[in-house]
file my_file.cif (mmCIF, C-alpha atoms and all ligand atoms)
data_my_file
#
loop_
_atom_site.label_atom_id
_atom_site.label_comp_id
_atom_site.auth_asym_id
_atom_site.auth_seq_id
_atom_site.Cartn_x
_atom_site.Cartn_y
_atom_site.Cartn_z
CA MET N 913 0.00 0.00 0.00
CA ALA N 914 1.34 3.44 -0.97
CA SER N 915 2.57 5.81 1.70
CA VAL N 916 1.74 9.27 0.43
CA LEU N 917 3.05 12.77 1.19
CA ILE N 918 1.22 15.82 -0.15
CA VAL N 919 3.46 18.87 0.08
CA GLY N 920 1.14 21.90 0.20
CA CYS N 921 -2.04 20.11 1.24
CA GLY N 922 -4.60 22.87 0.63
CA TYR N 923 -7.60 23.04 -1.72
CA ILE N 924 -6.38 20.46 -4.24
CA GLY N 925 -4.27 18.49 -1.76
CA GLN N 926 -7.24 17.79 0.47
CA ARG N 927 -9.28 16.61 -2.52
CA VAL N 928 -6.46 14.28 -3.55
CA ALA N 929 -6.10 13.05 0.06
CA ALA N 930 -9.81 12.22 0.24
CA ARG N 931 -9.58 10.08 -2.91
CA LEU N 932 -6.50 8.24 -1.65
CA ARG N 933 -7.84 7.67 1.86
CA ALA N 934 -11.00 6.19 0.34
CA ARG N 935 -8.86 3.40 -1.08
CA GLY N 936 -6.94 2.88 2.13
CA ALA N 937 -3.70 4.81 1.55
CA ALA N 938 -1.87 6.42 4.49
CA VAL N 939 -1.71 10.15 3.71
CA THR N 940 0.44 12.86 5.30
CA GLY N 941 -0.02 16.52 4.36
CA LEU N 942 2.72 19.12 4.72
CA VAL N 943 1.42 22.63 5.50
CA ARG N 944 2.89 25.79 6.96
CA THR N 945 0.38 27.25 9.41
CA ASP N 946 -1.22 26.01 12.66
CA VAL N 947 -4.69 26.58 11.22
CA ALA N 948 -3.95 24.46 8.14
CA ALA N 949 -2.38 21.68 10.25
CA GLN N 950 -5.47 21.56 12.49
CA ASP N 951 -7.71 21.51 9.42
CA LEU N 952 -5.85 18.42 8.12
CA ARG N 953 -6.26 16.66 11.48
CA ASN N 954 -9.98 17.50 11.42
CA HIS N 955 -10.10 15.63 8.09
CA ALA N 956 -8.13 12.67 9.55
CA ILE N 957 -5.01 13.49 7.50
CA ARG N 958 -1.67 13.26 9.33
CA ALA N 959 -0.16 16.75 9.48
CA LEU N 960 3.49 17.62 9.04
CA GLN N 961 4.04 21.32 9.75
CA ALA N 962 6.99 23.15 8.19
CA ASP N 963 7.66 26.43 6.42
CA LEU N 964 9.73 25.69 3.32
CA ASP N 965 10.94 29.32 3.42
CA ALA N 966 12.39 29.01 6.90
CA THR N 967 13.02 25.40 7.91
CA ASP N 968 16.46 23.84 7.66
CA PRO N 969 15.63 21.25 5.00
CA ARG N 970 17.74 18.54 6.66
CA ALA N 971 15.58 18.87 9.78
CA LEU N 972 12.48 17.90 7.78
CA ARG N 973 11.53 14.26 8.12
CA VAL N 974 10.30 13.42 4.63
CA GLY N 975 11.69 9.89 4.24
CA GLY N 976 9.64 6.73 3.83
CA PHE N 977 7.07 8.01 1.32
CA SER N 978 6.58 6.09 -1.91
CA ASP N 979 4.37 8.71 -3.62
CA ILE N 980 4.86 12.47 -3.30
CA PHE N 981 2.50 15.13 -4.63
CA TYR N 982 4.12 18.58 -4.62
CA PHE N 983 1.47 21.33 -4.61
CA ALA N 984 3.16 24.18 -2.69
CA PRO N 985 3.41 27.36 -4.75
CA PRO N 986 6.77 29.07 -5.34
CA PRO N 987 7.54 32.14 -3.22
CA PRO N 988 5.86 35.36 -4.40
CA GLN N 989 9.09 37.10 -5.50
CA GLY N 990 12.14 36.34 -7.63
CA GLU N 991 12.73 34.04 -10.56
CA THR N 992 13.63 30.85 -8.69
CA ASP N 993 11.58 28.44 -6.60
CA THR N 994 13.56 28.33 -3.38
CA ARG N 995 10.81 26.22 -1.75
CA MET N 996 11.23 23.43 -4.29
CA ALA N 997 15.02 23.69 -3.80
CA ALA N 998 14.62 23.32 -0.02
CA PHE N 999 12.27 20.38 -0.38
CA LEU N 1000 14.60 18.50 -2.74
CA GLU N 1001 17.42 19.09 -0.27
CA ALA N 1002 15.20 17.61 2.44
CA LEU N 1003 14.62 14.53 0.25
CA ASP N 1004 18.39 14.15 -0.08
CA ALA N 1005 18.53 13.65 3.68
CA GLY N 1006 15.76 11.03 3.61
CA SER N 1007 14.85 8.17 1.27
CA ALA N 1008 13.84 8.73 -2.34
CA PRO N 1009 10.20 8.16 -3.34
CA ARG N 1010 9.01 6.10 -6.31
CA ARG N 1011 7.30 9.03 -8.08
CA ILE N 1012 6.68 12.78 -7.66
CA VAL N 1013 3.67 14.50 -9.25
CA TYR N 1014 4.08 18.27 -9.50
CA ILE N 1015 1.39 20.89 -10.22
CA SER N 1016 3.07 23.56 -12.34
CA THR N 1017 1.22 26.23 -14.31
CA SER N 1018 0.49 26.90 -17.95
CA ALA N 1019 2.30 30.26 -17.45
CA VAL N 1020 5.53 28.43 -18.39
CA TYR N 1021 4.40 28.68 -22.05
CA GLY N 1022 4.29 32.48 -21.96
CA ASP N 1023 2.22 34.37 -24.52
CA CYS N 1024 1.08 32.22 -27.46
CA GLN N 1025 -1.12 35.00 -28.89
CA GLY N 1026 -4.25 32.94 -28.52
CA ARG N 1027 -2.98 29.90 -30.48
CA TRP N 1028 -4.07 26.35 -29.61
CA ILE N 1029 -1.08 24.60 -28.02
CA THR N 1030 -0.04 21.08 -27.05
CA GLU N 1031 2.75 19.79 -24.83
CA ALA N 1032 5.09 20.21 -27.85
CA GLU N 1033 4.92 24.00 -27.47
CA PRO N 1034 8.32 25.39 -26.36
CA VAL N 1035 8.38 26.98 -22.89
CA LYS N 1036 9.11 30.73 -22.82
CA PRO N 1037 7.61 32.33 -19.71
CA VAL N 1038 7.22 36.11 -19.86
CA THR N 1039 6.16 36.73 -16.26
CA ALA N 1040 8.27 36.20 -13.12
CA ARG N 1041 5.43 33.88 -11.97
CA GLY N 1042 6.04 31.71 -15.04
CA GLN N 1043 9.82 31.83 -14.60
CA ARG N 1044 9.60 30.61 -11.01
CA ARG N 1045 7.45 27.69 -12.17
CA LEU N 1046 9.87 26.78 -14.92
CA ASP N 1047 12.70 26.91 -12.39
CA ALA N 1048 10.74 24.48 -10.18
CA GLU N 1049 10.09 22.14 -13.12
CA ASN N 1050 13.77 22.14 -14.10
CA ARG N 1051 14.98 21.56 -10.54
CA LEU N 1052 12.54 18.70 -10.04
CA CYS N 1053 13.40 16.98 -13.34
CA GLY N 1054 17.15 17.33 -12.73
CA TRP N 1055 16.91 15.97 -9.20
CA ALA N 1056 14.59 13.11 -10.20
CA GLN N 1057 16.88 12.07 -13.05
CA ASP N 1058 19.91 12.07 -10.74
CA HIS N 1059 18.08 9.95 -8.15
CA GLY N 1060 16.24 7.53 -10.45
CA VAL N 1061 12.86 8.88 -9.32
CA GLU N 1062 9.86 9.08 -11.69
CA TRP N 1063 8.25 12.49 -12.24
CA ILE N 1064 5.08 13.84 -13.78
CA ILE N 1065 4.50 17.55 -14.37
CA LEU N 1066 0.96 18.87 -14.76
CA ARG N 1067 0.78 22.30 -16.41
CA VAL N 1068 -2.39 23.67 -14.87
CA PRO N 1069 -4.41 26.78 -15.85
CA GLY N 1070 -7.07 28.53 -13.70
CA ILE N 1071 -8.54 26.26 -11.03
CA TYR N 1072 -12.17 26.84 -10.06
CA GLY N 1073 -14.74 24.98 -8.00
CA PRO N 1074 -16.87 25.31 -4.87
CA GLY N 1075 -15.23 27.90 -2.61
CA LYS N 1076 -12.79 28.86 -5.38
CA LEU N 1077 -14.59 31.49 -7.46
CA PRO N 1078 -13.79 35.21 -7.79
CA LEU N 1079 -16.92 36.22 -5.84
CA ALA N 1080 -15.18 38.78 -3.59
CA ARG N 1081 -13.79 40.50 -6.67
CA LEU N 1082 -17.22 40.53 -8.32
CA ARG N 1083 -18.87 41.88 -5.16
CA ALA N 1084 -16.23 44.64 -5.03
CA GLY N 1085 -17.17 45.65 -8.58
CA THR N 1086 -13.55 45.37 -9.78
CA PRO N 1087 -13.51 46.10 -13.52
CA VAL N 1088 -12.53 43.61 -16.22
CA LEU N 1089 -10.97 44.15 -19.62
CA ARG N 1090 -13.44 44.64 -22.47
CA GLU N 1091 -14.02 41.32 -24.19
CA THR N 1092 -12.29 42.16 -27.48
CA ASP N 1093 -9.04 42.96 -25.57
CA ALA N 1094 -9.23 40.04 -23.16
CA PRO N 1095 -6.72 37.17 -23.46
CA TYR N 1096 -7.76 33.55 -23.82
CA THR N 1097 -7.83 31.64 -20.56
CA ASN N 1098 -8.16 27.93 -19.77
CA ARG N 1099 -9.70 26.28 -16.76
CA ILE N 1100 -10.08 23.06 -14.81
CA HIS N 1101 -12.54 22.18 -12.05
CA GLY N 1102 -10.82 21.32 -8.74
CA ASP N 1103 -12.43 17.88 -8.52
CA ASP N 1104 -11.29 16.97 -12.04
CA LEU N 1105 -7.78 18.21 -11.22
CA ALA N 1106 -7.70 16.01 -8.10
CA ALA N 1107 -8.72 12.98 -10.19
CA ILE N 1108 -6.01 13.87 -12.75
CA CYS N 1109 -3.35 14.09 -10.00
CA VAL N 1110 -4.26 10.61 -8.75
CA ALA N 1111 -4.28 9.20 -12.30
CA ALA N 1112 -0.86 10.81 -12.92
CA MET N 1113 0.52 9.02 -9.85
CA ASP N 1114 -1.06 5.71 -10.90
CA GLY N 1115 -0.36 5.90 -14.66
CA ALA N 1116 2.10 3.66 -16.48
CA GLN N 1117 3.73 6.62 -18.22
CA ALA N 1118 6.44 8.47 -16.25
CA ASN N 1119 8.83 11.38 -16.83
CA THR N 1120 6.44 13.44 -18.93
CA HIS N 1121 4.32 16.62 -18.94
CA TYR N 1122 0.56 16.95 -19.34
CA ASN N 1123 -1.37 20.08 -20.21
CA VAL N 1124 -4.39 20.17 -17.92
CA SER N 1125 -7.54 21.87 -19.17
CA ASP N 1126 -11.21 21.07 -19.69
CA GLY N 1127 -10.56 21.80 -23.38
CA HIS N 1128 -13.04 24.72 -23.48
CA PRO N 1129 -11.05 27.93 -23.18
CA SER N 1130 -12.75 31.31 -23.35
CA ASN N 1131 -11.61 34.83 -22.71
CA MET N 1132 -11.14 36.04 -19.15
CA THR N 1133 -13.98 38.55 -19.33
CA ASP N 1134 -16.41 35.86 -20.45
CA TYR N 1135 -15.31 33.83 -17.40
CA PHE N 1136 -16.08 36.69 -14.97
CA PHE N 1137 -19.43 37.38 -16.67
CA ARG N 1138 -20.49 33.72 -16.46
CA VAL N 1139 -19.47 33.41 -12.81
CA ALA N 1140 -21.40 36.62 -12.02
CA ASP N 1141 -24.49 35.31 -13.84
CA ALA N 1142 -24.32 31.94 -12.04
CA ALA N 1143 -23.90 33.68 -8.65
CA GLY N 1144 -26.70 36.19 -9.29
CA LEU N 1145 -24.26 39.10 -9.01
CA PRO N 1146 -24.03 42.13 -11.32
CA ARG N 1147 -21.57 41.76 -14.18
CA PRO N 1148 -18.41 43.82 -13.50
CA PRO N 1149 -17.76 47.10 -15.32
CA VAL N 1150 -15.58 46.94 -18.44
CA VAL N 1151 -12.44 49.00 -19.17
CA VAL N 1152 -10.13 49.25 -22.20
CA ARG N 1153 -6.51 48.06 -21.91
CA ALA N 1154 -5.00 51.53 -21.35
CA GLU N 1155 -7.36 52.10 -18.42
CA ALA N 1156 -6.70 48.59 -17.05
CA GLU N 1157 -3.01 49.44 -16.85
CA GLN N 1158 -3.90 52.30 -14.49
CA VAL N 1159 -6.40 50.51 -12.24
CA PHE N 1160 -5.40 46.82 -12.14
CA THR N 1161 -2.95 45.51 -9.53
CA PRO N 1162 0.40 44.17 -10.86
CA GLY N 1163 -0.86 40.64 -10.07
CA MET N 1164 -4.02 41.14 -12.15
CA LEU N 1165 -2.00 42.70 -14.98
CA SER N 1166 0.37 39.71 -15.07
CA PHE N 1167 -2.60 37.50 -16.00
CA LEU N 1168 -3.31 39.70 -19.04
CA GLN N 1169 0.13 39.16 -20.56
CA ASP N 1170 -0.43 35.58 -21.73
CA SER N 1171 -3.04 34.31 -24.17
CA ARG N 1172 -3.28 30.68 -25.26
CA ARG N 1173 -5.76 27.86 -25.76
CA MET N 1174 -4.67 24.50 -24.39
CA LYS N 1175 -5.48 21.18 -26.01
CA ASN N 1176 -6.04 18.36 -23.52
CA GLY N 1177 -5.80 15.35 -25.88
CA LYS N 1178 -2.71 13.80 -24.26
CA LEU N 1179 -4.32 13.97 -20.84
CA ILE N 1180 -7.52 12.34 -22.04
CA THR N 1181 -5.94 9.58 -24.11
CA GLU N 1182 -2.80 8.68 -22.10
CA LEU N 1183 -4.26 9.02 -18.61
CA GLY N 1184 -7.73 7.83 -19.60
CA ILE N 1185 -9.40 10.81 -17.92
CA ARG N 1186 -13.16 11.29 -18.21
CA LEU N 1187 -13.82 14.82 -17.04
CA GLN N 1188 -16.72 15.21 -14.63
CA TYR N 1189 -16.97 18.92 -15.57
CA PRO N 1190 -16.01 19.21 -19.26
CA ASP N 1191 -17.07 22.86 -19.52
CA LEU N 1192 -17.77 25.89 -17.38
CA ASP N 1193 -21.56 25.48 -17.43
CA ALA N 1194 -21.32 22.01 -15.89
CA GLY N 1195 -18.64 23.12 -13.44
CA LEU N 1196 -20.45 26.25 -12.24
CA LYS N 1197 -23.59 24.26 -11.57
CA SER N 1198 -21.58 22.15 -9.08
CA CYS N 1199 -20.47 25.33 -7.27
CA PHE N 1200 -23.99 26.47 -6.40
CA GLU N 1201 -25.75 23.16 -5.65
N1 LIG N 1301 -5.38 28.98 -8.33
C1 LIG N 1301 -5.14 28.66 -9.58
O1 LIG N 1301 -5.92 29.00 -10.47
C2 LIG N 1301 -3.90 27.87 -9.94
C3 LIG N 1301 -3.58 27.65 -11.24
C4 LIG N 1301 -2.47 26.85 -11.57
C5 LIG N 1301 -1.70 26.30 -10.55
N2 LIG N 1301 -2.02 26.57 -9.26
C6 LIG N 1301 -1.18 25.95 -8.22
O2 LIG N 1301 -1.76 24.71 -7.86
C7 LIG N 1301 -1.24 24.33 -6.58
C8 LIG N 1301 -2.38 23.82 -5.71
O3 LIG N 1301 -3.35 24.84 -5.59
P1 LIG N 1301 -4.29 24.93 -4.30
O4 LIG N 1301 -5.48 25.71 -4.75
O5 LIG N 1301 -4.47 23.62 -3.68
O6 LIG N 1301 -3.41 25.88 -3.35
P2 LIG N 1301 -3.68 26.24 -1.83
O7 LIG N 1301 -5.04 25.82 -1.39
O8 LIG N 1301 -3.32 27.69 -1.67
O9 LIG N 1301 -2.61 25.35 -1.04
C9 LIG N 1301 -1.25 25.66 -1.05
C10 LIG N 1301 -0.59 24.85 0.04
O10 LIG N 1301 0.80 25.14 0.06
C11 LIG N 1301 1.21 25.35 1.41
N3 LIG N 1301 2.33 26.27 1.46
C12 LIG N 1301 2.40 27.53 0.96
N4 LIG N 1301 3.58 28.08 1.24
C13 LIG N 1301 4.28 27.16 1.96
C14 LIG N 1301 5.56 27.16 2.57
N5 LIG N 1301 6.38 28.23 2.51
N6 LIG N 1301 5.95 26.06 3.24
C15 LIG N 1301 5.13 24.99 3.31
N7 LIG N 1301 3.90 24.93 2.76
C16 LIG N 1301 3.48 26.02 2.11
C17 LIG N 1301 -0.01 25.94 2.10
O11 LIG N 1301 0.07 25.78 3.51
P3 LIG N 1301 -0.62 26.89 4.48
O12 LIG N 1301 -2.10 26.85 4.16
O13 LIG N 1301 -0.31 26.43 5.85
O14 LIG N 1301 0.00 28.21 4.12
C18 LIG N 1301 -1.12 25.12 1.45
O15 LIG N 1301 -1.27 23.89 2.11
C19 LIG N 1301 -0.52 25.56 -6.03
O16 LIG N 1301 0.86 25.44 -6.25
C20 LIG N 1301 -1.08 26.68 -6.89
O17 LIG N 1301 -0.21 27.79 -6.96
C21 LIG N 1301 -3.10 27.32 -8.92
#

call {"tool": "encode", "arguments": {"input": "my_file.cif", "output": "structure tokens"}}
result
Amino acid sequence: MASVLIVGCGYIGQRVAARLRARGAAVTGLVRTDVAAQDLRNHAIRALQADLDATDPRALRVGGFSDIFYFAPPPPQGETDTRMAAFLEALDAGSAPRRIVYISTSAVYGDCQGRWITEAEPVKPVTARGQRRLDAENRLCGWAQDHGVEWIILRVPGIYGPGKLPLARLRAGTPVLRETDAPYTNRIHGDDLAAICVAAMDGAQANTHYNVSDGHPSNMTDYFFRVADAAGLPRPPVVVRAEAEQVFTPGMLSFLQDSRRMKNGKLITELGIRLQYPDLDAGLKSCFE
């Protein structure tokens, strides 16, 4: 029976843990805060508490796990993922797992000017957010190759689901870009992503990337409009790009720099995934039931 560690056991990690516990696996979740550790215990998940920004990696006891899911985000600044570096150093001091599944982001592809892309698309991140993710991918692959450990990288776009919708932003009336200026954006429902993570750990194929998406991209403004409609909230006001550059936060602006549509054929055929929420209409319904 697999012994599983989920590094960064938050929204997706807890969904993955629930699936694995249902089939009898022993699951440990690594989180940073007291509140998150207590939340794991409340869900009968063993909690390991450590801050990957501050802990001496060698002091972390991460040995003895066969399957590791790495879901912690990189730090908010810089172009390297120092958290991934610290975690790999911690693994050096323990025993190597069989396989590591990593949630990266589609930001590693940079701006594809709205083109449909597959996993064959070269990576060329334009934002620091994308560069940190690429750094994490490269560190993980290099380490795994050196240690004979299998890896799977999932390049994930916007995650949505119950409790993970931009409702606060809609209630605040924060403007969105007018639809003709808005970049393409891709999405995946949290429950489908959790199923994909488990399938990636179970799958025969190793040492490969998958683009994760429900296969129905739209523009970002359409997304906010449809969430507002489903929630019974007013649609947000619309601004042109020049105005957006004045009023949007740097974080919001960084999401306007990339435009691409992601094909999900490899995910569907190689991992045998049947999406529970193959488009936004189906997924939003699940958020308000
Ligand atoms: N939101 C999106 O649309 C999107 C898109 C693509 C990829 N992703 C990525 O997908 C992954 C999973 O997402 P999620 O929604 O499950 O994220 P989440 O709910 O925010 O969970 C992140 C987890 O990482 C832990 N963590 C953060 N900083 C840490 C540190 N310094 N040391 C140790 N643990 C730390 C958190 O612990 P605490 O709660 O204790 O801080 C939490 O358990 C994340 O890497 C996220 O960035 C998200």

call {"tool": "residues_near_ligand", "arguments": {"input": "my_file.cif", "ligand": "ligand LIG 1301 (chain N)", "cutoff": "6 Å", "atoms": "only C-alpha atoms and all ligand atoms", "output": "PDB file with C-alpha atoms, keeping the file's coordinate frame"}}
result
ATOM      1  CA  GLY N 920       1.140  21.900   0.200  1.00  0.00           C
ATOM      2  CA  CYS N 921      -2.040  20.110   1.240  1.00  0.00           C
ATOM      3  CA  GLY N 922      -4.600  22.870   0.630  1.00  0.00           C
ATOM      4  CA  TYR N 923      -7.600  23.040  -1.720  1.00  0.00           C
ATOM      5  CA  ILE N 924      -6.380  20.460  -4.240  1.00  0.00           C
ATOM      6  CA  GLY N 925      -4.270  18.490  -1.760  1.00  0.00           C
ATOM      7  CA  VAL N 943       1.420  22.630   5.500  1.00  0.00           C
ATOM      8  CA  ARG N 944       2.890  25.790   6.960  1.00  0.00           C
ATOM      9  CA  THR N 945       0.380  27.250   9.410  1.00  0.00           C
ATOM     10  CA  ALA N 948      -3.950  24.460   8.140  1.00  0.00           C
ATOM     11  CA  ALA N 962       6.990  23.150   8.190  1.00  0.00           C
ATOM     12  CA  ASP N 963       7.660  26.430   6.420  1.00  0.00           C
ATOM     13  CA  LEU N 964       9.730  25.690   3.320  1.00  0.00           C
ATOM     14  CA  ASP N 965      10.940  29.320   3.420  1.00  0.00           C
ATOM     15  CA  PHE N 983       1.470  21.330  -4.610  1.00  0.00           C
ATOM     16  CA  ALA N 984       3.160  24.180  -2.690  1.00  0.00           C
ATOM     17  CA  PRO N 985       3.410  27.360  -4.750  1.00  0.00           C
ATOM     18  CA  ILE N1015       1.390  20.890 -10.220  1.00  0.00           C
ATOM     19  CA  SER N1016       3.070  23.560 -12.340  1.00  0.00           C
ATOM     20  CA  THR N1017       1.220  26.230 -14.310  1.00  0.00           C
ATOM     21  CA  VAL N1068      -2.390  23.670 -14.870  1.00  0.00           C
ATOM     22  CA  PRO N1069      -4.410  26.780 -15.850  1.00  0.00           C
ATOM     23  CA  GLY N1070      -7.070  28.530 -13.700  1.00  0.00           C
ATOM     24  CA  ILE N1071      -8.540  26.260 -11.030  1.00  0.00           C
TER      25      ILE N1071
END

call {"tool": "atom_distance", "arguments": {"input": "my_file.cif", "atom1": "atom CA of Ala1143 of chain N", "atom2": "atom CA of Asn1131 of chain N"}}
result
18.7 Å

call {"tool": "residues_around", "arguments": {"input": "my_file.cif", "residues": "Pro1095 of chain N", "least_positions_apart": "5", "cutoff": "10 Å", "atoms": "all atoms listed in the file", "output": "ChimeraX atom specification"}}
result
/N:1023,1025-1026,1089,1130-1133,1167-1173

call {"tool": "closest_residue", "arguments": {"input": "my_file.cif", "among": "N:Thr994, N:Ser1198, N:Asn1119, N:Thr1092", "to": "Arg1153 of chain N", "atoms": "only C-alpha atoms"}}
result
N:Thr1092

call {"tool": "residues_near_point", "arguments": {"input": "my_file.cif", "point": "(-7.1, 10.8, -18.0)", "cutoff": "12 Å", "atoms": "all atoms listed in the file", "output": "ChimeraX atom specification"}}
result
/N:1066,1104-1117,1122-1126,1176-1188

call {"tool": "atom_distance", "arguments": {"input": "my_file.cif", "atom1": "atom CA of Gly1195 of chain N", "atom2": "atom CA of Leu1079 of chain N"}}
result
15.2 Å

call {"tool": "closest_residue", "arguments": {"input": "my_file.cif", "among": "N:Val947, N:Ala914, N:Met996, N:Ala966", "to": "Leu932 of chain N", "atoms": "all atoms listed in the file"}}
result
N:Ala914

call {"tool": "closest_residue", "arguments": {"input": "my_file.cif", "among": "N:Leu972, N:Met1174, N:Leu1003, N:Ala959", "to": "Ala1019 of chain N", "atoms": "only C-alpha atoms"}}
result
N:Met1174

call {"tool": "axis_aligned_box", "arguments": {"input": "my_file.cif", "around": "segment 944-948 of chain N", "padding_each_side": "3 Å", "output": "lines of an AutoDock Vina configuration file"}}
result
center_x = -0.9
center_y = 25.9
center_z = 9.8
size_x = 13.6
size_y = 8.8
size_z = 11.7

call {"tool": "atom_distance", "arguments": {"input": "my_file.cif", "atom1": "atom CA of Leu1052 of chain N", "atom2": "atom CA of Gly1022 of chain N"}}
result
20.0 Å

call {"tool": "closest_residue", "arguments": {"input": "my_file.cif", "among": "N:Arg1147, N:Ile1012, N:Gly1073, N:Ala1094", "to": "Phe1200 of chain N", "atoms": "all atoms listed in the file"}}
result
N:Gly1073

call {"tool": "closest_residue", "arguments": {"input": "my_file.cif", "among": "N:Val974, N:Ala1048, N:Ile1100, N:Val1150", "to": "Pro1087 of chain N", "atoms": "all atoms listed in the file"}}
result
N:Val1150

call {"tool": "closest_residue", "arguments": {"input": "my_file.cif", "among": "N:His1101, N:His955, N:His1121, N:Lys1076", "to": "Gly941 of chain N", "atoms": "only C-alpha atoms"}}
result
N:His955
